[in-house]
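What follows is a single structure, written as structure tokens, with notes after it.
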Amino acid sequence: MSLPKKSLWAIAIILLILIADQILKIWVKTHMTLYANDYRITNWFIIRFVENNGMAMGIELNGGKLFLTIFRIIASGAIARYLYLLIKRNFSFSYILFVSMIFAGAVGNIFDSVFYGVIFSESTPVNVASLFPPEGGYGTWLHGRVVDMFYFPLFSFTWPKWIPFIGGTGFEFFRYIFNLADASISVGIIVIILFYRKTLLSFEKKVIET
């Protein structure tokens, strides 16, 4: 595949993921109350609206919200530069595809962090948020909360009481709630680690040689 085509496909993939991610988040934010009304697709696939100030998969980070947002922006800039070099040096399209997925997912969550505090009213267990409320948003620039909604409680059980420390406690797989951007990042990283380690090393070699 030629370089212009790889560039166009990378842009198309990024835009597709970003648009789908934001449409889904905006719909959830403006149609669901926080933590309260689940949409049960199946017993193991539930749409549950949560927000978080932290990392992917609903993992909270105590404090440092502004730092985390700025770090995400810097990291996304580095990924964008890396993606540009991959295309310029004519790496395989499949590898560019998965790096594009990581970049799109990172930017999708950055959008929440940068803008959502300003453009949305507060979501609560009893009130649905509104877009561009006349009284202003629930926060400030760079302090928005990331919207998550995919919940896959595939199975759960209670650990036997004889097991030290965790005996008698419950276990649920998969308990984390995440969004499309998180899924895009995770799939991209996992596939690259499993199948493209040589490609990573070859990029480093080309950088050293140049």
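By convention here, the chains of the structure tokens are called A, B, ... in the order presented, each chain's residues are numbered starting at 1, and ligands are numbered starting at 1 in the order presented.
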Neighbouring residues of range 120-131 of chain A were defined as those with any atom within 12 Å, considering only C-alpha atoms; residues of the same chain fewer than 2 positions away were excluded. Please report them as number ranges by chain. A: 25-38, 48-52, 112-118, 133-141, 143-147
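Here the question is which of A:Ile73, A:Leu3, A:Ile163, A:Ile185 gets nearest to Leu86 in chain A using only C-alpha atoms, and that residue is A:Leu3.
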I need the residues in chain A that are strand (DSSP E) according to DSSP; give them as an MDAnalysis selection string. chainID A and resid 39:42 45:52 146:151 155:158 170:173 177:178
I want to know what sits within 12 Å of Gly167 in chain A, based on only C-alpha atoms, with residues of the same chain fewer than 6 positions away left out; could you give that as an MDAnalysis selection string? chainID A and resid 157:161
Output the selection as an mmCIF file, in the first residue's frame - C-alpha atoms for each residue.
data_model
loop_
_atom_site.group_PDB
_atom_site.id
_atom_site.type_symbol
_atom_site.label_atom_id
_atom_site.label_comp_id
_atom_site.auth_asym_id
_atom_site.auth_seq_id
_atom_site.Cartn_x
_atom_site.Cartn_y
_atom_site.Cartn_z
ATOM 1 C CA PHE A 157 -17.976 -16.442 42.798
ATOM 2 C CA THR A 158 -16.944 -16.367 46.446
ATOM 3 C CA TRP A 159 -13.458 -17.454 47.395
ATOM 4 C CA PRO A 160 -13.335 -20.447 49.798
ATOM 5 C CA LYS A 161 -12.910 -19.370 53.392
#
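Excluding Ile19 in chain A itself and same-chain residues fewer than 5 positions from it, the residues having an atom within 9 Å of it are Ile14, Leu24 and Gly108 of chain A, counting only C-alpha atoms.
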Emit the selected residues as a compact mmCIF listing (two decimals), in the first residue's frame, including N, CA and C atoms.
# COMPACT_ATOMS: atom_id res chain seq x y z
N ILE A 14 -8.85 6.68 12.73
CA ILE A 14 -8.85 7.56 13.91
C ILE A 14 -10.17 8.31 14.01
N LEU A 24 -21.40 7.88 21.37
CA LEU A 24 -21.85 6.99 22.44
C LEU A 24 -21.80 7.68 23.80
N GLY A 108 -9.73 10.29 22.39
CA GLY A 108 -11.12 10.22 22.81
C GLY A 108 -11.30 10.54 24.29
Compare A:Ile47, A:Val99, A:Ile87, A:Ala78 by their minimum atom-to-atom distance to Leu8 in chain A, counting only C-alpha atoms, and give me the closest one. A:Ile87
As a PyMOL selection string, which residues of range 47-164 of chain A does DSSP assign to helix (DSSP H, G or I)? chain A and resi 56-58+65-88+93-119
Restricting the output to C-alpha atoms, write the selected residues as a PDB file, in the first residue's frame.
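Dumped to again_34.pdb:
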ATOM      1  CA  ALA A  56      -8.778   3.618  31.943  1.00  0.00           C
ATOM      2  CA  MET A  57     -11.332   0.974  32.979  1.00  0.00           C
ATOM      3  CA  GLY A  58     -12.857   3.221  35.630  1.00  0.00           C
ATOM      4  CA  LYS A  65      -6.522  15.544  37.653  1.00  0.00           C
ATOM      5  CA  LEU A  66      -4.875  18.467  35.882  1.00  0.00           C
ATOM      6  CA  PHE A  67      -1.547  16.638  35.801  1.00  0.00           C
ATOM      7  CA  LEU A  68      -3.203  13.530  34.355  1.00  0.00           C
ATOM      8  CA  THR A  69      -4.931  15.536  31.599  1.00  0.00           C
ATOM      9  CA  ILE A  70      -1.698  17.304  30.638  1.00  0.00           C
ATOM     10  CA  PHE A  71       0.161  13.984  30.693  1.00  0.00           C
ATOM     11  CA  ARG A  72      -2.459  12.473  28.375  1.00  0.00           C
ATOM     12  CA  ILE A  73      -2.064  15.375  25.941  1.00  0.00           C
ATOM     13  CA  ILE A  74       1.739  15.037  25.904  1.00  0.00           C
ATOM     14  CA  ALA A  75       1.549  11.263  25.499  1.00  0.00           C
ATOM     15  CA  SER A  76      -0.921  11.616  22.627  1.00  0.00           C
ATOM     16  CA  GLY A  77       1.422  14.082  20.942  1.00  0.00           C
ATOM     17  CA  ALA A  78       4.233  11.527  21.211  1.00  0.00           C
ATOM     18  CA  ILE A  79       1.994   8.809  19.728  1.00  0.00           C
ATOM     19  CA  ALA A  80       1.008  11.138  16.877  1.00  0.00           C
ATOM     20  CA  ARG A  81       4.695  11.759  16.131  1.00  0.00           C
ATOM     21  CA  TYR A  82       5.397   8.036  16.244  1.00  0.00           C
ATOM     22  CA  LEU A  83       2.482   7.336  13.895  1.00  0.00           C
ATOM     23  CA  TYR A  84       3.756   9.981  11.464  1.00  0.00           C
ATOM     24  CA  LEU A  85       7.204   8.349  11.396  1.00  0.00           C
ATOM     25  CA  LEU A  86       5.693   4.903  10.860  1.00  0.00           C
ATOM     26  CA  ILE A  87       3.836   6.127   7.789  1.00  0.00           C
ATOM     27  CA  LYS A  88       6.813   8.121   6.511  1.00  0.00           C
ATOM     28  CA  PHE A  93      -0.401  -1.078   7.265  1.00  0.00           C
ATOM     29  CA  SER A  94      -1.558  -3.555   9.927  1.00  0.00           C
ATOM     30  CA  TYR A  95       0.921  -2.138  12.449  1.00  0.00           C
ATOM     31  CA  ILE A  96      -0.105   1.426  11.568  1.00  0.00           C
ATOM     32  CA  LEU A  97      -3.734   0.363  12.087  1.00  0.00           C
ATOM     33  CA  PHE A  98      -3.174  -0.730  15.687  1.00  0.00           C
ATOM     34  CA  VAL A  99      -1.070   2.325  16.548  1.00  0.00           C
ATOM     35  CA  SER A 100      -3.879   4.459  15.080  1.00  0.00           C
ATOM     36  CA  MET A 101      -6.340   2.691  17.402  1.00  0.00           C
ATOM     37  CA  ILE A 102      -4.188   3.536  20.425  1.00  0.00           C
ATOM     38  CA  PHE A 103      -3.926   7.172  19.341  1.00  0.00           C
ATOM     39  CA  ALA A 104      -7.668   7.483  18.676  1.00  0.00           C
ATOM     40  CA  GLY A 105      -8.521   6.011  22.069  1.00  0.00           C
ATOM     41  CA  ALA A 106      -6.125   8.349  23.859  1.00  0.00           C
ATOM     42  CA  VAL A 107      -7.571  11.408  22.117  1.00  0.00           C
ATOM     43  CA  GLY A 108     -11.124  10.223  22.814  1.00  0.00           C
ATOM     44  CA  ASN A 109     -10.543  10.263  26.567  1.00  0.00           C
ATOM     45  CA  ILE A 110      -8.622  13.536  26.347  1.00  0.00           C
ATOM     46  CA  PHE A 111     -11.709  15.134  24.795  1.00  0.00           C
ATOM     47  CA  ASP A 112     -13.726  14.185  27.898  1.00  0.00           C
ATOM     48  CA  SER A 113     -11.079  15.519  30.251  1.00  0.00           C
ATOM     49  CA  VAL A 114     -10.615  18.808  28.425  1.00  0.00           C
ATOM     50  CA  PHE A 115     -14.181  19.724  27.419  1.00  0.00           C
ATOM     51  CA  TYR A 116     -16.846  17.778  29.322  1.00  0.00           C
ATOM     52  CA  GLY A 117     -16.594  19.829  32.515  1.00  0.00           C
ATOM     53  CA  VAL A 118     -17.491  22.927  30.497  1.00  0.00           C
ATOM     54  CA  ILE A 119     -20.090  21.653  28.019  1.00  0.00           C
TER      55      ILE A 119
END
Best match for closeness to Ser92 in chain A among A:Thr42, A:Asn53, A:Asn179, A:Ser202, counting only C-alpha atoms: A:Ser202
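In this model, the gap between CA of Val191 in chain A and CA of Lys5 in chain A comes to 22.4 Å.
Here CA of Phe132 in chain A is placed at a distance of 27.5 Å from CA of Ala183 in chain A.
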Shortest contact to Phe45 in chain A, candidates A:Leu194, A:Ile17, A:Ile166, A:Met149, atoms counted only C-alpha atoms, goes to A:Met149
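Here CA of Phe203 in chain A is placed at a distance of 19.9 Å from CA of Pro4 in chain A.
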